[in-house]
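J.: File name my_file.cif; file contents mmCIF, C-alpha atoms; full text below.
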```
data_target
#
loop_
_atom_site.label_atom_id
_atom_site.label_comp_id
_atom_site.auth_asym_id
_atom_site.auth_seq_id
_atom_site.Cartn_x
_atom_site.Cartn_y
_atom_site.Cartn_z
CA MET A 1 1.34 15.19 21.15
CA THR A 2 3.96 17.85 21.75
CA THR A 3 6.65 15.80 20.03
CA GLN A 4 5.13 16.03 16.55
CA PRO A 5 7.27 19.05 15.49
CA ARG A 6 10.40 17.19 16.63
CA MET A 7 9.31 14.20 14.50
CA VAL A 8 8.93 16.46 11.47
CA GLU A 9 12.31 18.06 12.13
CA VAL A 10 14.12 14.72 12.47
CA ARG A 11 12.35 13.39 9.36
CA ALA A 12 13.39 16.47 7.36
CA ARG A 13 17.02 15.87 8.35
CA ILE A 14 16.86 12.22 7.37
CA LEU A 15 15.30 13.11 4.01
CA LYS A 16 18.04 15.68 3.42
CA GLU A 17 20.72 13.09 4.18
CA ASN A 18 18.96 10.69 1.84
CA ASP A 19 19.02 13.31 -0.91
CA VAL A 20 22.78 13.78 -0.51
CA LEU A 21 23.39 10.04 -0.70
CA ALA A 22 20.99 9.66 -3.64
CA ARG A 23 22.85 12.37 -5.55
CA ARG A 24 26.11 10.49 -5.04
CA LEU A 25 24.47 7.28 -6.23
CA ARG A 26 23.10 9.04 -9.32
CA GLU A 27 26.58 10.32 -10.21
CA ARG A 28 28.00 6.84 -9.71
CA PHE A 29 25.33 5.26 -11.96
CA GLN A 30 26.00 7.92 -14.59
CA ARG A 31 29.76 7.34 -14.58
CA ALA A 32 29.18 3.60 -14.92
CA GLY A 33 26.75 4.16 -17.81
CA VAL A 34 24.01 2.06 -16.22
CA ARG A 35 20.37 2.99 -16.66
CA VAL A 36 18.60 2.77 -13.31
CA ILE A 37 14.81 2.46 -13.26
CA SER A 38 12.76 2.04 -10.10
CA PHE A 39 9.23 0.66 -9.76
CA VAL A 40 6.68 1.68 -7.12
CA SER A 41 3.09 0.55 -6.56
CA SER A 42 0.53 -0.86 -4.12
CA PRO A 43 1.14 -4.36 -2.85
CA GLY A 44 -0.13 -6.82 -5.44
CA SER A 45 -0.06 -4.52 -8.47
CA GLY A 46 2.13 -6.99 -10.32
CA LYS A 47 5.61 -5.44 -10.05
CA THR A 48 7.43 -8.74 -9.70
CA THR A 49 5.44 -10.55 -12.40
CA PHE A 50 6.01 -7.66 -14.80
CA LEU A 51 9.74 -7.50 -14.02
CA GLU A 52 10.08 -11.26 -14.38
CA LYS A 53 8.62 -11.09 -17.89
CA LEU A 54 10.53 -7.95 -18.83
CA MET A 55 13.87 -9.29 -17.66
CA SER A 56 13.34 -12.62 -19.43
CA ARG A 57 12.71 -10.75 -22.67
CA MET A 58 15.66 -8.37 -22.26
CA ALA A 59 18.22 -10.74 -20.71
CA GLY A 60 19.61 -12.00 -24.03
CA ARG A 61 20.44 -8.53 -25.30
CA HIS A 62 21.31 -6.58 -22.15
CA ARG A 63 23.28 -7.02 -18.95
CA ILE A 64 20.70 -6.56 -16.21
CA ALA A 65 20.62 -6.62 -12.42
CA ALA A 66 17.78 -6.06 -9.99
CA LEU A 67 17.26 -5.05 -6.37
CA VAL A 68 14.00 -6.07 -4.72
CA GLY A 69 12.60 -4.50 -1.54
CA ASP A 70 10.19 -6.25 0.83
CA LEU A 71 9.45 -6.14 4.54
CA ALA A 72 9.90 -9.90 4.77
CA THR A 73 10.68 -13.00 2.65
CA GLU A 74 13.10 -13.42 -0.24
CA ASN A 75 10.38 -14.79 -2.54
CA ASP A 76 10.57 -11.99 -5.10
CA ALA A 77 14.34 -12.23 -5.48
CA ALA A 78 14.00 -15.98 -6.00
CA ARG A 79 11.37 -15.36 -8.70
CA LEU A 80 13.47 -12.78 -10.52
CA ALA A 81 16.62 -14.89 -10.24
CA ARG A 82 14.96 -17.39 -12.58
CA THR A 83 15.61 -14.89 -15.38
CA CYS A 84 19.32 -15.60 -14.93
CA THR A 85 20.18 -12.04 -14.01
CA GLN A 86 21.88 -10.82 -10.86
CA VAL A 87 19.26 -10.20 -8.18
CA ARG A 88 19.49 -9.12 -4.57
CA GLN A 89 16.71 -8.85 -1.99
CA ILE A 90 16.63 -5.94 0.44
CA THR A 91 14.60 -6.99 3.49
CA THR A 92 13.45 -3.86 5.29
CA GLY A 93 11.84 -5.36 8.42
CA THR A 94 9.24 -2.82 9.49
CA ILE A 95 10.49 0.01 7.24
CA CYS A 96 7.86 0.97 4.68
CA HIS A 97 10.18 2.04 1.84
CA LEU A 98 13.65 1.68 0.37
CA ASP A 99 16.15 4.49 0.89
CA ALA A 100 19.40 5.45 -0.81
CA LYS A 101 21.52 3.91 1.95
CA MET A 102 19.85 0.51 1.53
CA VAL A 103 20.41 0.68 -2.24
CA ALA A 104 24.07 1.68 -1.83
CA GLY A 105 24.62 -1.17 0.63
CA ALA A 106 22.99 -3.73 -1.66
CA LEU A 107 25.29 -2.81 -4.56
CA ASP A 108 28.36 -3.91 -2.62
CA GLY A 109 30.63 -6.05 -4.78
CA TRP A 110 28.71 -5.50 -8.02
CA GLN A 111 30.58 -4.06 -11.00
CA LEU A 112 28.23 -1.34 -12.21
CA ASP A 113 30.39 -0.82 -15.31
CA ASP A 114 29.33 -4.27 -16.45
CA LEU A 115 25.61 -3.44 -16.37
CA ASP A 116 23.26 -1.88 -18.91
CA PHE A 117 20.20 -1.76 -16.65
CA LEU A 118 19.58 -1.83 -12.91
CA PHE A 119 15.93 -2.30 -11.94
CA ILE A 120 14.86 -1.46 -8.39
CA GLU A 121 11.55 -2.84 -7.11
CA ASN A 122 10.44 -0.83 -4.08
CA VAL A 123 8.34 -2.08 -1.16
CA GLY A 124 4.64 -2.27 -2.12
CA ASN A 125 3.34 1.04 -0.77
CA LEU A 126 1.73 4.01 -2.52
CA VAL A 127 2.68 6.52 0.17
CA CYS A 128 6.10 6.33 1.82
CA PRO A 129 8.42 5.52 -1.14
CA SER A 130 7.47 8.82 -2.78
CA SER A 131 9.70 10.80 -0.37
CA TYR A 132 12.89 8.82 -0.91
CA ASP A 133 15.12 9.50 -3.90
CA LEU A 134 17.07 6.32 -4.70
CA GLY A 135 19.37 7.92 -7.27
CA GLU A 136 17.31 6.34 -10.03
CA GLN A 137 17.13 7.92 -13.45
CA MET A 138 13.47 7.10 -13.94
CA ARG A 139 10.66 6.13 -11.58
CA VAL A 140 7.74 4.08 -12.89
CA VAL A 141 4.50 3.88 -10.89
CA LEU A 142 2.36 0.81 -11.54
CA LEU A 143 -1.42 0.90 -11.21
CA SER A 144 -3.27 -2.35 -11.80
CA ALA A 145 -6.62 -2.40 -13.57
CA THR A 146 -8.10 -4.23 -10.57
CA GLU A 147 -7.28 -1.39 -8.14
CA GLY A 148 -9.68 1.18 -9.57
CA GLU A 149 -9.29 4.41 -11.49
CA ASP A 150 -9.24 6.74 -8.46
CA LYS A 151 -5.80 5.89 -7.08
CA PRO A 152 -3.94 8.81 -8.74
CA LEU A 153 -6.35 11.25 -7.04
CA LYS A 154 -6.01 9.56 -3.66
CA TYR A 155 -2.23 9.08 -3.76
CA PRO A 156 -1.14 12.14 -5.78
CA THR A 157 2.43 12.42 -4.45
CA ILE A 158 3.59 9.05 -5.72
CA PHE A 159 2.25 9.88 -9.19
CA ASN A 160 3.78 13.34 -9.03
CA THR A 161 7.22 12.00 -8.15
CA SER A 162 7.12 9.33 -10.87
CA ASP A 163 8.04 9.79 -14.53
CA VAL A 164 5.91 7.10 -16.15
CA ALA A 165 2.62 5.38 -15.25
CA LEU A 166 2.25 1.73 -16.17
CA ILE A 167 -1.28 0.30 -16.04
CA THR A 168 -0.86 -3.42 -15.34
CA LYS A 169 -3.21 -6.45 -15.48
CA ILE A 170 -4.93 -4.81 -18.44
CA ASP A 171 -6.27 -8.27 -19.39
CA MET A 172 -8.55 -7.99 -16.33
CA ALA A 173 -9.86 -4.52 -17.19
CA ASP A 174 -13.27 -5.75 -18.39
CA ALA A 175 -13.81 -8.16 -15.49
CA ALA A 176 -12.91 -5.39 -13.03
CA GLU A 177 -15.04 -2.84 -14.93
CA PHE A 178 -11.95 -0.67 -15.13
CA ASP A 179 -12.54 2.57 -17.03
CA ARG A 180 -9.31 3.31 -18.95
CA GLU A 181 -10.30 6.82 -19.94
CA THR A 182 -11.14 7.85 -16.38
CA ALA A 183 -7.86 6.36 -15.15
CA ARG A 184 -5.91 8.27 -17.79
CA ARG A 185 -7.75 11.48 -17.03
CA ASN A 186 -7.02 11.07 -13.31
CA ILE A 187 -3.32 10.38 -13.92
CA LEU A 188 -3.01 13.41 -16.20
CA SER A 189 -4.88 15.67 -13.79
CA VAL A 190 -2.28 14.88 -11.14
CA ARG A 191 0.72 14.95 -13.49
CA PRO A 192 -0.05 16.63 -16.82
CA GLY A 193 1.77 15.13 -19.79
CA MET A 194 2.76 11.94 -17.96
CA ARG A 195 3.66 9.03 -20.24
CA ILE A 196 1.13 6.23 -19.73
CA LEU A 197 1.69 2.65 -20.86
CA GLU A 198 -0.67 -0.33 -20.58
CA VAL A 199 0.52 -3.86 -20.14
CA SER A 200 -0.49 -7.43 -19.33
CA ALA A 201 2.37 -9.60 -18.17
CA LYS A 202 -0.03 -12.55 -18.46
CA THR A 203 -1.07 -12.19 -22.11
CA GLY A 204 2.00 -10.21 -23.20
CA ALA A 205 -0.13 -7.28 -24.42
CA GLY A 206 1.85 -4.04 -24.33
CA MET A 207 5.10 -5.76 -23.33
CA GLN A 208 6.89 -4.96 -26.60
CA GLU A 209 5.95 -1.28 -26.44
CA THR A 210 7.02 -1.07 -22.79
CA GLU A 211 10.31 -2.81 -23.53
CA ASP A 212 10.97 -0.51 -26.49
CA PHE A 213 10.23 2.50 -24.33
CA LEU A 214 12.57 1.43 -21.50
CA GLU A 215 15.32 0.59 -24.01
CA SER A 216 14.99 4.08 -25.46
CA VAL A 217 15.88 5.64 -22.08
CA CYS A 218 19.30 7.23 -22.45
CA VAL A 219 21.93 7.31 -19.75
CA SER A 220 21.36 10.52 -17.86
CA ASP A 221 23.63 13.41 -18.73
CA THR A 222 22.41 15.64 -15.91
CA MET B 19 22.91 8.63 8.78
CA THR B 20 23.75 9.37 12.40
CA THR B 21 20.22 10.60 13.13
CA GLN B 22 18.55 7.21 12.68
CA PRO B 23 18.61 6.36 16.42
CA ARG B 24 17.01 9.75 17.17
CA MET B 25 14.29 8.99 14.61
CA VAL B 26 13.59 5.65 16.29
CA GLU B 27 13.51 7.29 19.71
CA VAL B 28 11.10 10.04 18.63
CA ARG B 29 8.90 7.47 16.85
CA ALA B 30 8.78 5.30 19.98
CA ARG B 31 7.60 8.28 22.01
CA ILE B 32 4.89 9.12 19.49
CA LEU B 33 3.70 5.52 19.44
CA LYS B 34 3.56 5.49 23.24
CA GLU B 35 1.49 8.68 23.25
CA ASN B 36 -0.77 7.14 20.62
CA ASP B 37 -1.26 4.09 22.83
CA VAL B 38 -2.32 6.26 25.77
CA LEU B 39 -4.82 8.14 23.63
CA ALA B 40 -6.10 4.92 22.04
CA ARG B 41 -6.70 3.42 25.49
CA ARG B 42 -8.81 6.45 26.42
CA LEU B 43 -10.75 6.14 23.18
CA ARG B 44 -11.36 2.44 23.82
CA GLU B 45 -12.74 3.18 27.28
CA ARG B 46 -14.96 5.88 25.80
CA PHE B 47 -16.31 3.53 23.11
CA GLN B 48 -16.94 0.88 25.75
CA ARG B 49 -18.86 3.25 28.01
CA ALA B 50 -20.99 4.36 25.03
CA GLY B 51 -21.68 0.74 24.08
CA VAL B 52 -20.56 1.28 20.48
CA ARG B 53 -18.81 -1.49 18.59
CA VAL B 54 -15.81 -0.05 16.76
CA ILE B 55 -14.34 -2.01 13.86
CA SER B 56 -11.45 -0.77 11.71
CA PHE B 57 -10.50 -1.90 8.22
CA VAL B 58 -6.96 -1.95 6.79
CA SER B 59 -5.66 -3.06 3.38
CA SER B 60 -3.64 -2.17 0.29
CA PRO B 61 -4.95 0.66 -1.87
CA GLY B 62 -7.63 -0.76 -4.14
CA SER B 63 -8.53 -3.88 -2.14
CA GLY B 64 -12.16 -2.82 -2.07
CA LYS B 65 -12.59 -1.39 1.45
CA THR B 66 -14.98 1.37 0.40
CA THR B 67 -17.06 -0.81 -1.92
CA PHE B 68 -17.36 -3.46 0.79
CA LEU B 69 -18.31 -0.89 3.43
CA GLU B 70 -20.83 0.74 1.11
CA LYS B 71 -22.58 -2.60 0.63
CA LEU B 72 -22.30 -3.60 4.29
CA MET B 73 -23.65 -0.29 5.59
CA SER B 74 -26.56 -0.34 3.11
CA ARG B 75 -27.54 -3.79 4.38
CA MET B 76 -27.16 -2.91 8.06
CA ALA B 77 -28.49 0.66 8.04
CA GLY B 78 -32.14 -0.31 8.55
CA ARG B 79 -31.45 -2.28 11.72
CA HIS B 80 -28.49 -0.48 13.30
CA ARG B 81 -27.31 3.04 14.00
CA ILE B 82 -24.00 3.29 12.13
CA ALA B 83 -21.33 5.92 11.57
CA ALA B 84 -18.07 5.76 9.64
CA LEU B 85 -14.73 7.54 9.53
CA VAL B 86 -12.73 7.31 6.30
CA GLY B 87 -9.01 8.03 6.01
CA ASP B 88 -7.28 9.10 2.80
CA LEU B 89 -4.26 11.21 1.87
CA ALA B 90 -6.40 13.32 -0.44
CA THR B 91 -9.98 13.69 -1.76
CA GLU B 92 -13.30 13.22 0.01
CA ASN B 93 -14.54 10.73 -2.58
CA ASP B 94 -14.86 7.80 -0.20
CA ALA B 95 -16.88 9.75 2.37
CA ALA B 96 -19.21 10.86 -0.42
CA ARG B 97 -19.65 7.24 -1.53
CA LEU B 98 -20.38 6.00 1.98
CA ALA B 99 -22.72 8.92 2.72
CA ARG B 100 -25.08 7.47 0.09
CA THR B 101 -25.92 4.78 2.64
CA CYS B 102 -27.60 7.49 4.73
CA THR B 103 -25.30 7.00 7.69
CA GLN B 104 -23.12 9.62 9.37
CA VAL B 105 -19.75 9.72 7.59
CA ARG B 106 -16.68 11.87 8.07
CA GLN B 107 -13.53 11.98 5.95
CA ILE B 108 -10.12 12.32 7.62
CA THR B 109 -7.69 13.76 5.07
CA THR B 110 -4.16 12.96 6.20
CA GLY B 111 -2.11 14.93 3.64
CA THR B 112 1.20 13.07 3.44
CA ILE B 113 0.66 10.92 6.56
CA CYS B 114 0.51 7.23 5.66
CA HIS B 115 -1.90 6.08 8.41
CA LEU B 116 -4.62 7.18 10.80
CA ASP B 117 -3.74 7.67 14.46
CA ALA B 118 -5.79 7.89 17.65
CA LYS B 119 -5.59 11.68 17.74
CA MET B 120 -7.09 11.99 14.24
CA VAL B 121 -9.90 9.60 15.22
CA ALA B 122 -10.61 11.49 18.46
CA GLY B 123 -10.72 14.79 16.57
CA ALA B 124 -13.09 13.43 13.93
CA LEU B 125 -15.61 12.29 16.56
CA ASP B 126 -16.16 15.85 17.73
CA GLY B 127 -19.86 16.58 18.13
CA TRP B 128 -21.03 13.01 17.55
CA GLN B 129 -23.13 11.32 20.25
CA LEU B 130 -21.44 7.95 20.61
CA ASP B 131 -24.26 6.75 22.88
CA ASP B 132 -26.57 6.94 19.88
CA LEU B 133 -24.45 4.54 17.81
CA ASP B 134 -24.39 0.74 17.54
CA PHE B 135 -21.41 0.55 15.18
CA LEU B 136 -18.54 2.83 14.21
CA PHE B 137 -16.55 1.67 11.18
CA ILE B 138 -13.11 3.17 10.57
CA GLU B 139 -11.56 2.82 7.09
CA ASN B 140 -7.82 3.40 7.34
CA VAL B 141 -5.53 4.82 4.60
CA GLY B 142 -4.75 2.15 1.98
CA ASN B 143 -1.39 0.89 3.19
CA LEU B 144 -0.27 -2.58 4.31
CA VAL B 145 2.64 -1.29 6.40
CA CYS B 146 2.25 1.85 8.50
CA PRO B 147 -1.29 1.46 9.94
CA SER B 148 -0.20 -1.70 11.76
CA SER B 149 1.67 0.32 14.41
CA TYR B 150 -1.19 2.66 15.38
CA ASP B 151 -3.88 1.51 17.79
CA LEU B 152 -7.07 3.48 17.06
CA GLY B 153 -8.96 2.26 20.12
CA GLU B 154 -10.93 -0.10 17.91
CA GLN B 155 -12.39 -3.29 19.30
CA MET B 156 -11.64 -5.31 16.20
CA ARG B 157 -9.32 -4.81 13.26
CA VAL B 158 -10.14 -6.44 9.92
CA VAL B 159 -7.47 -6.79 7.24
CA LEU B 160 -8.75 -7.06 3.67
CA LEU B 161 -6.85 -8.99 1.01
CA SER B 162 -8.30 -8.96 -2.50
CA ALA B 163 -8.15 -12.05 -4.69
CA THR B 164 -6.42 -9.97 -7.37
CA GLU B 165 -3.45 -9.10 -5.13
CA GLY B 166 -2.01 -12.60 -4.87
CA GLU B 167 -1.71 -15.16 -2.11
CA ASP B 168 1.72 -14.09 -0.85
CA LYS B 169 0.76 -10.83 0.83
CA PRO B 170 0.43 -12.24 4.40
CA LEU B 171 4.03 -13.51 4.18
CA LYS B 172 5.34 -10.21 2.82
CA TYR B 173 3.38 -7.93 5.18
CA PRO B 174 3.20 -10.10 8.32
CA THR B 175 2.79 -7.31 10.89
CA ILE B 176 -0.51 -6.03 9.53
CA PHE B 177 -1.93 -9.56 9.57
CA ASN B 178 -0.51 -10.15 13.05
CA THR B 179 -2.11 -7.01 14.45
CA SER B 180 -5.51 -7.75 12.86
CA ASP B 181 -8.22 -10.00 14.29
CA VAL B 182 -9.99 -11.10 11.12
CA ALA B 183 -8.91 -11.54 7.47
CA LEU B 184 -11.47 -10.75 4.79
CA ILE B 185 -10.67 -12.00 1.29
CA THR B 186 -12.43 -9.59 -1.10
CA LYS B 187 -13.24 -9.65 -4.85
CA ILE B 188 -13.68 -13.42 -4.56
CA ASP B 189 -15.74 -13.26 -7.79
CA MET B 190 -12.44 -12.55 -9.59
CA ALA B 191 -10.54 -15.44 -8.02
CA ASP B 192 -10.62 -17.64 -11.13
CA ALA B 193 -9.70 -14.84 -13.54
CA ALA B 194 -6.80 -13.87 -11.28
CA GLU B 195 -5.78 -17.53 -10.79
CA PHE B 196 -6.02 -16.92 -7.06
CA ASP B 197 -5.29 -20.02 -5.00
CA ARG B 198 -7.61 -19.89 -1.97
CA GLU B 199 -5.90 -22.70 -0.10
CA THR B 200 -2.46 -21.15 -0.43
CA ALA B 201 -3.82 -17.79 0.71
CA ARG B 202 -5.46 -19.38 3.75
CA ARG B 203 -2.31 -21.34 4.57
CA ASN B 204 -0.22 -18.15 4.34
CA ILE B 205 -2.62 -16.19 6.57
CA LEU B 206 -2.66 -18.95 9.17
CA SER B 207 1.12 -19.36 9.11
CA VAL B 208 1.43 -15.69 10.08
CA ARG B 209 -1.47 -15.68 12.55
CA PRO B 210 -2.55 -19.18 13.58
CA GLY B 211 -6.28 -19.54 14.20
CA MET B 212 -7.19 -16.29 12.47
CA ARG B 213 -10.82 -16.08 11.37
CA ILE B 214 -10.96 -15.88 7.55
CA LEU B 215 -14.02 -14.75 5.60
CA GLU B 216 -14.50 -14.53 1.83
CA VAL B 217 -16.67 -11.96 0.17
CA SER B 218 -17.67 -10.35 -3.12
CA ALA B 219 -19.30 -6.96 -2.73
CA LYS B 220 -20.13 -7.18 -6.44
CA THR B 221 -22.07 -10.47 -6.47
CA GLY B 222 -23.04 -10.40 -2.79
CA ALA B 223 -21.36 -13.77 -2.13
CA GLY B 224 -20.33 -14.06 1.53
CA MET B 225 -21.96 -10.74 2.50
CA GLN B 226 -24.58 -12.38 4.74
CA GLU B 227 -21.99 -14.44 6.59
CA THR B 228 -19.74 -11.41 7.06
CA GLU B 229 -22.65 -9.29 8.27
CA ASP B 230 -23.74 -12.02 10.72
CA PHE B 231 -20.19 -12.29 12.01
CA LEU B 232 -19.80 -8.53 12.56
CA GLU B 233 -23.20 -8.35 14.24
CA SER B 234 -22.13 -11.10 16.62
CA VAL B 235 -19.24 -8.98 17.91
CA CYS B 236 -20.06 -8.05 21.48
CA VAL B 237 -19.24 -4.73 23.07
CA SER B 238 -15.85 -5.21 24.66
CA ASP B 239 -15.82 -5.86 28.39
CA THR B 240 -12.07 -5.56 28.70
#
```
Take the structure I supplied and represent it as structure tokens, if you would.
T.:
Amino acid sequence: MTTQPRMVEVRARILKENDVLARRLRERFQRAGVRVISFVSSPGSGKTTFLEKLMSRMAGRHRIAALVGDLATENDAARLARTCTQVRQITTGTICHLDAKMVAGALDGWQLDDLDFLFIENVGNLVCPSSYDLGEQMRVVLLSATEGEDKPLKYPTIFNTSDVALITKIDMADAAEFDRETARRNILSVRPGMRILEVSAKTGAGMQETEDFLESVCVSDT
Amino acid sequence: MTTQPRMVEVRARILKENDVLARRLRERFQRAGVRVISFVSSPGSGKTTFLEKLMSRMAGRHRIAALVGDLATENDAARLARTCTQVRQITTGTICHLDAKMVAGALDGWQLDDLDFLFIENVGNLVCPSSYDLGEQMRVVLLSATEGEDKPLKYPTIFNTSDVALITKIDMADAAEFDRETARRNILSVRPGMRILEVSAKTGAGMQETEDFLESVCVSDT
């Protein structure tokens, strides 16, 4: 196991290169005036279902595009494309996260000036995506009511590197014996002051508040 | 991004070293006559709850120990320790998977000859654990009914490198509008002939069948 330090060293260099590329992307998004919001979560937390509902609601009033990351299949892009917005799938193969280079490549040919929002759905993974800046202005971590309240404590980095926590599938909270207060306390213990929203894409509960919140995000001036 | 090939090369070497160590572990488990079964899944699929129930049922008739992997906290080890079996937590920090070296280290001081079963609960992650052989005799991938039927198609490698699929939280299948047949079809399209079991740790449904199946696993003679 003598190669472990080399692995760490190579990984640090790759992360640094990613940071440089992400900074360039962020400047590009800012110049174009597009608000870029990324979504991270476990597999099956409801990212695609939530985005499908959100984009359907927002599509009439905003110009929206989305990038969707998965190891395999283009199913999610096909689902989101039903909302009549521009959608591209990024298929990562065995890579467990999106990185800034993949995002930059997927934007090829799109006129960012013509967009109000770009949503980026990361690969379903509560660990690896936390290390990769995608140039986004805001990162939202989803936690479904069926996953249990302890996830923020067990995966602290992804909550720490996110700006907003979105508790999904709230309609199933009672069936899953999900304790909202414990979940909130755990989120806030990892990231004090974090904005927490609750939503059910199925019943529509919380969708208006979430939509209002995302619409209130201003184009970054940093 | 010129360092990517170096990253791949270093990763290949680490995986090869892991394979060597895993082979040694497998031989050691075989000599001791202990059946070693590992469990992989998304965060929140119910690995710990399932294992807690399984170990409680089996503890009277078998000598059992468990290793539990998480990025942070020792909560899961504390939960499993209530079953009065030997339990050790492996805290991985920012590492997204267990590897053979971590498993070997965690066994220190345990008499494997005195065990019938060793259960290993991996970090909740449907991507990275697939590449790391832990010397286990059988790998079980859990898929909860609340995660959706499409996960085998989107995370094919973890299903391909597992021997058995265990559909958990089956009591919530109706509430989650989970389509069993589609899930089974998707699992089998990725890994034809895969054994599929359904279970609810909450209601106990399927627990007896799962227990019988795991008890029927013979000590490897390979």
J.: Identify, on the basis of only C-alpha atoms, every residue whose closest approach to Leu67 (chain A) does not exceed 8 Å; exclude the query and any residue fewer than 4 positions from it along the same chain; express the result as an mmCIF file with C-alpha atoms, in the frame of the given file.
T.:
```cif
data_model
loop_
_atom_site.group_PDB
_atom_site.id
_atom_site.type_symbol
_atom_site.label_atom_id
_atom_site.label_comp_id
_atom_site.auth_asym_id
_atom_site.auth_seq_id
_atom_site.Cartn_x
_atom_site.Cartn_y
_atom_site.Cartn_z
ATOM 1 C CA ALA A 77 14.340 -12.230 -5.480
ATOM 2 C CA VAL A 87 19.260 -10.200 -8.180
ATOM 3 C CA ARG A 88 19.490 -9.120 -4.570
ATOM 4 C CA GLN A 89 16.710 -8.850 -1.990
ATOM 5 C CA ILE A 90 16.630 -5.940 0.440
ATOM 6 C CA VAL A 103 20.410 0.680 -2.240
ATOM 7 C CA ALA A 106 22.990 -3.730 -1.660
ATOM 8 C CA LEU A 118 19.580 -1.830 -12.910
ATOM 9 C CA PHE A 119 15.930 -2.300 -11.940
ATOM 10 C CA ILE A 120 14.860 -1.460 -8.390
ATOM 11 C CA GLU A 121 11.550 -2.840 -7.110
#
```
J.: So how far away is CA of Asp70 (chain A) from CA of Cys96 (chain A), in Å?
T.: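 CA of Asp70 (chain A) lies at a distance of 8.5 Å from CA of Cys96 (chain A).
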J.: Around (17.9, -15.1, -13.1), as given in the file, which residues come within 10 Å? Count all atoms listed in the file and list them as number ranges by chain.
T.: A: 52, 55-56, 59, 64-66, 77-87
J.: With C-alpha atoms retained, export the selected residues as a short mmCIF file (atom, residue, chain, number, x, y, z; two decimals), in the coordinates of the input.
T.:
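Wrote it out as result-v9.cif, contents follow:
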```cif
data_model
loop_
_atom_site.label_atom_id
_atom_site.label_comp_id
_atom_site.auth_asym_id
_atom_site.auth_seq_id
_atom_site.Cartn_x
_atom_site.Cartn_y
_atom_site.Cartn_z
CA GLU A 52 10.08 -11.26 -14.38
CA MET A 55 13.87 -9.29 -17.66
CA SER A 56 13.34 -12.62 -19.43
CA ALA A 59 18.22 -10.74 -20.71
CA ILE A 64 20.70 -6.56 -16.21
CA ALA A 65 20.62 -6.62 -12.42
CA ALA A 66 17.78 -6.06 -9.99
CA ALA A 77 14.34 -12.23 -5.48
CA ALA A 78 14.00 -15.98 -6.00
CA ARG A 79 11.37 -15.36 -8.70
CA LEU A 80 13.47 -12.78 -10.52
CA ALA A 81 16.62 -14.89 -10.24
CA ARG A 82 14.96 -17.39 -12.58
CA THR A 83 15.61 -14.89 -15.38
CA CYS A 84 19.32 -15.60 -14.93
CA THR A 85 20.18 -12.04 -14.01
CA GLN A 86 21.88 -10.82 -10.86
CA VAL A 87 19.26 -10.20 -8.18
#
```
J.: Dump as a PyMOL selection string all residues having an atom at most 10 Å from (0.3, -5.5, -8.1), computed in the file's coordinates with all atoms listed in the file.
T.: (chain A and resi 40-50+124+142-147+167-169) or (chain B and resi 60+164-166)
J.: Give the residues of chain A that lie within 9 Å of chain B; count all atoms listed in the file, and format the answer as a PyMOL selection string.
T.: chain A and resi 1+3-4+6-7+10-11+13-14+17-18+42-46+70-75+94-96+101+124-128+144+146-148+150-151+153-157+172+175-176
J.: Would you please work out which residue, of A:Ala173, A:Ile158, A:Val141, A:Met207, is nearest to Arg195 (chain A) when using all atoms listed in the file?
T.: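 Counting all atoms listed in the file, the residue closest to Arg195 (chain A) is A:Val141.
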J.: Select, from B:Gly224, B:Arg81, B:Val182, B:Ile188, the residue with the minimum atom-to-atom distance to Leu206 (chain B), counting all atoms listed in the file.
T.: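 Using all atoms listed in the file, Leu206 (chain B) sits closest to B:Val182.
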J.: What is the CA of Glu136 (chain A)-CA of Ala201 (chain A) distance in Å, reported with one decimal?
T.: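 These atoms are spaced 23.3 Å apart.
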J.: For the PyMOL selection byres ((chain B and resi 42) around 12), applied here, can you spell out every residue it catches as a list in words?
T.: Glu35, Asn36, Asp37, Val38, Leu39, Ala40, Arg41, Leu43, Arg44, Glu45, Arg46, Phe47, Gln48, Arg49, Ala118, Lys119, Val121, Ala122, Asp151, Leu152, Gly153 and Glu154 of chain B
J.: Generate the output file for the selected residues, C-alpha atoms, as a short mmCIF file (atom, residue, chain, number, x, y, z; two decimals), in the frame of the given file.
T.:
```
data_model
loop_
_atom_site.label_atom_id
_atom_site.label_comp_id
_atom_site.auth_asym_id
_atom_site.auth_seq_id
_atom_site.Cartn_x
_atom_site.Cartn_y
_atom_site.Cartn_z
CA GLU B 35 1.49 8.68 23.25
CA ASN B 36 -0.77 7.14 20.62
CA ASP B 37 -1.26 4.09 22.83
CA VAL B 38 -2.32 6.26 25.77
CA LEU B 39 -4.82 8.14 23.63
CA ALA B 40 -6.10 4.92 22.04
CA ARG B 41 -6.70 3.42 25.49
CA LEU B 43 -10.75 6.14 23.18
CA ARG B 44 -11.36 2.44 23.82
CA GLU B 45 -12.74 3.18 27.28
CA ARG B 46 -14.96 5.88 25.80
CA PHE B 47 -16.31 3.53 23.11
CA GLN B 48 -16.94 0.88 25.75
CA ARG B 49 -18.86 3.25 28.01
CA ALA B 118 -5.79 7.89 17.65
CA LYS B 119 -5.59 11.68 17.74
CA VAL B 121 -9.90 9.60 15.22
CA ALA B 122 -10.61 11.49 18.46
CA ASP B 151 -3.88 1.51 17.79
CA LEU B 152 -7.07 3.48 17.06
CA GLY B 153 -8.96 2.26 20.12
CA GLU B 154 -10.93 -0.10 17.91
#
```
J.: To one decimal in Å, tell me the separation between CA of Met156 (chain B) and CA of Ile55 (chain B).
T.: 4.9 Å
